[in-house]
Amino acid sequence: MALYTSLEAVKDEIAKCMKCGNCQAVCPIYLEERIEGTVARGKIKLVETLLDNKLEVNEEYAKKLDLCLTCKACSVNCPCGVQVDKIILGARAEIARRKGISPIKKLIFKGLENQKLLNVGAKAGGFFQGIVFKKHKTLSGAHPRFPFGLDLRRIIPNLATTPLRDKLPEVNKVKNPVKKVAFFTGCTMNYAYIDVGEALVNVLLKNNIEVIIPKNQHCCGTPILTSGDAETATKMAKSHIDIFSALDVDKIITGCGSCGMTFNKNYLDLLEAEPEYYEKAKKIAAKVIDISDFLMTEIDIDKSKLGKVDMKVTYHDPCHLNRGMGVKNPPREIIKSIPGIDFIEMKNADRCCGGAGSFTLSHYELSMNIHKHKVDSIKDTKAEAVITACPACMMQITDGMNRFELELPIYHIIQLLDMSYKAK
């Protein structure tokens with residue numbers, strides 16, 4: 001039984017939970033709220049009541065299930081290996097089937113699903129952003145000038161006037177390629193942090209990797225899936241399976257753990273009931289790899305070309321990269337390989353930053369309360385810059401540093417490596 005077509009599919013996962021409460025020690029939301037309904041054990045009980053038809057699916061019930069970052073900390077800490085995020089996502093899909101999706105979310109999801117529409121909106125946003133946003137004096141990003149659904153204290157990244165996929169050629173050749181890869185850019189890198197995408201391509205070319213950037217790729221579907229709209233997410237999964245199956249490449253590179261995890265895990269769950277697509281999805285999943293993992297495990301990175309970068313840095317582990325894709329050491333190996341870098345490991349580097357995509361939009365104060373612990377850990381290292389490997393985490397950490405008065409630059413791991421190559 002497929003996870004996103006029937007809630008019955010999570011019954012076996014729910015049965016694994018022995019109600020020990022180990023999840024309380026690691027759940028970022030529970031550690032702030034101290035309410036049983038916010039921890040994995042409490043939410044599992046809520047889903048059980050839904051399965052047994054003991055509770056009505058109303059607005060209050062939906063809000064309880066919305067209070068989850070899907071950071072996977074509880075699953076990793078669970079002695080029974082309960083995949084709590086699967087239970088939550090399955091329950092959200094059931095809620096969407098019963099209640100439907102709100103008109104506002106439907107409109108947003110339509111934009112994410114339609115690349116042409118999203119491109120038009122993003123380009124217009126990039127052109128007019130100076131009218132509605134005011135550039136921050138030191139941090140990278142801008143404040144809203146007017147209250148239109150965003151907290152005025154927020155910092156959001158500047159939109160690019162030209163998206164990454166419009167700026168770079170579809171095929172980026174090298175003379176004697178050692179490998180040929182496709183690059184899935186994701187939305188944030190395509191429309192906001194295009195400098196990260198450019199750095200990623202630069203580093204791959206520097207290591208004799210041919211890079212294909214499919215122009216018809218679009219949002220991976222993570223925001224849609226986590227909101228319960230499994231039907232739209234499935235359409236998007238099929239589209240990407242078709243796009244990337246048509247390419248003759250060794251690997252599919254991602255620079256975002258959420259995008260990577262969606263490709264190599266969530267697409268399989270979405271397409272489980274469709275054998276033809278499921279088999280294709282398995283082949284795609286086997287090719288998907290994070291850029292740091294690729295550089296450290298798939299090729300012999302050319303360290304002789306690395307120049308000195310004098311900087312004291314610390315590193316934040318993105319949840320979906322670390323716990324979702326299992327990539328923890330490669331980013332650290334890259335950091336330590338760069339001459340001149342003084343790397344200081346922060347306390348609880350793998351603790352969620354509180355962003356979780358759209359969670360920070362709908363629960364801003366809670367998101368910032370969770371993030372305060374991350375800022376404190378960063379401060380304790382006395383680092384001069386923060387390194388991470390996820391554009392969404394970059395956005396959240398920048399916003400949080402502004403909120404808690406810590407003005408440090410933040411770089412994607414691939415930007416740091418690109419700096420080193422350019423310094424030689």
# chains A, B, ... in the order shown; residues from 1 in each chain; ligands from 1
$ residues_around --residues "Met189 (chain A)" --least-positions-apart "4" --cutoff "9 Å" --atoms "only C-alpha atoms" --output "list in words"
Pro163, Leu164, Thr185, Tyr193, Ile194, Asp195, Val196, Gly197, Gly255, Cys256 and Pro391 of chain A
$ atom_distance --atom1 "CA of His218 (chain A)" --atom2 "CA of Gln115 (chain A)"
5.6 Å
$ closest_residue --among "A:Lys308, A:Lys180, A:Lys110, A:Arg41" --to "Thr232 (chain A)" --atoms "only C-alpha atoms"
A:Lys110
$ closest_residue --among "A:Gly81, A:Pro28, A:Pro331, A:Gly355" --to "Asp317 (chain A)" --atoms "only C-alpha atoms"
A:Pro331
$ closest_residue --among "A:Ile299, A:Val249, A:Val203, A:Leu31" --to "Val171 (chain A)" --atoms "only C-alpha atoms"
A:Val249
$ residues_around --residues "Tyr4 (chain A)" --least-positions-apart "5" --cutoff "9 Å" --atoms "only C-alpha atoms" --output "MDAnalysis selection string"
chainID A and resid 9 89:91 93:94 228 230:231 269:270
$ closest_residue --among "A:Leu406, A:Ile212, A:Val201, A:Ile301" --to "Asp248 (chain A)" --atoms "only C-alpha atoms"
A:Ile212
$ residues_around --residues "Leu247 (chain A)" --least-positions-apart "2" --cutoff "12 Å" --atoms "only C-alpha atoms" --output "list in words"
Val171, Lys180, Val181, Ala182, Phe183, Val211, Ile212, Ile213, Pro214, His240, Ile241, Asp242, Ile243, Phe244, Ser245, Val249, Asp250, Lys251, Ile252, Lys283, Ile284 and Lys287 of chain A
$ write_last_selection --atoms "C-alpha atoms" --output "short mmCIF file (atom, residue, chain, number, x, y, z; two decimals), in the first residue's frame"
data_model
loop_
_atom_site.label_atom_id
_atom_site.label_comp_id
_atom_site.auth_asym_id
_atom_site.auth_seq_id
_atom_site.Cartn_x
_atom_site.Cartn_y
_atom_site.Cartn_z
CA VAL A 171 25.82 21.96 -21.64
CA LYS A 180 29.52 13.59 -17.09
CA VAL A 181 26.89 14.83 -14.64
CA ALA A 182 23.51 16.56 -14.59
CA PHE A 183 22.99 19.42 -12.15
CA VAL A 211 27.95 19.51 -16.56
CA ILE A 212 24.47 19.38 -18.08
CA ILE A 213 21.84 21.72 -16.63
CA PRO A 214 18.44 20.68 -18.03
CA HIS A 240 11.63 14.90 -13.27
CA ILE A 241 11.93 11.15 -13.72
CA ASP A 242 11.21 11.66 -17.43
CA ILE A 243 13.61 14.61 -17.73
CA PHE A 244 16.59 12.97 -16.02
CA SER A 245 15.99 9.46 -17.41
CA VAL A 249 25.02 10.96 -17.24
CA ASP A 250 27.06 9.27 -14.51
CA LYS A 251 25.51 11.19 -11.62
CA ILE A 252 22.86 13.80 -10.82
CA LYS A 283 17.60 4.24 -11.25
CA ILE A 284 17.45 8.01 -10.80
CA LYS A 287 22.50 8.48 -9.44
#
$ closest_residue --among "A:Gly307, A:Gly326, A:Pro169, A:Gly186" --to "Cys259 (chain A)" --atoms "only C-alpha atoms"
A:Gly186
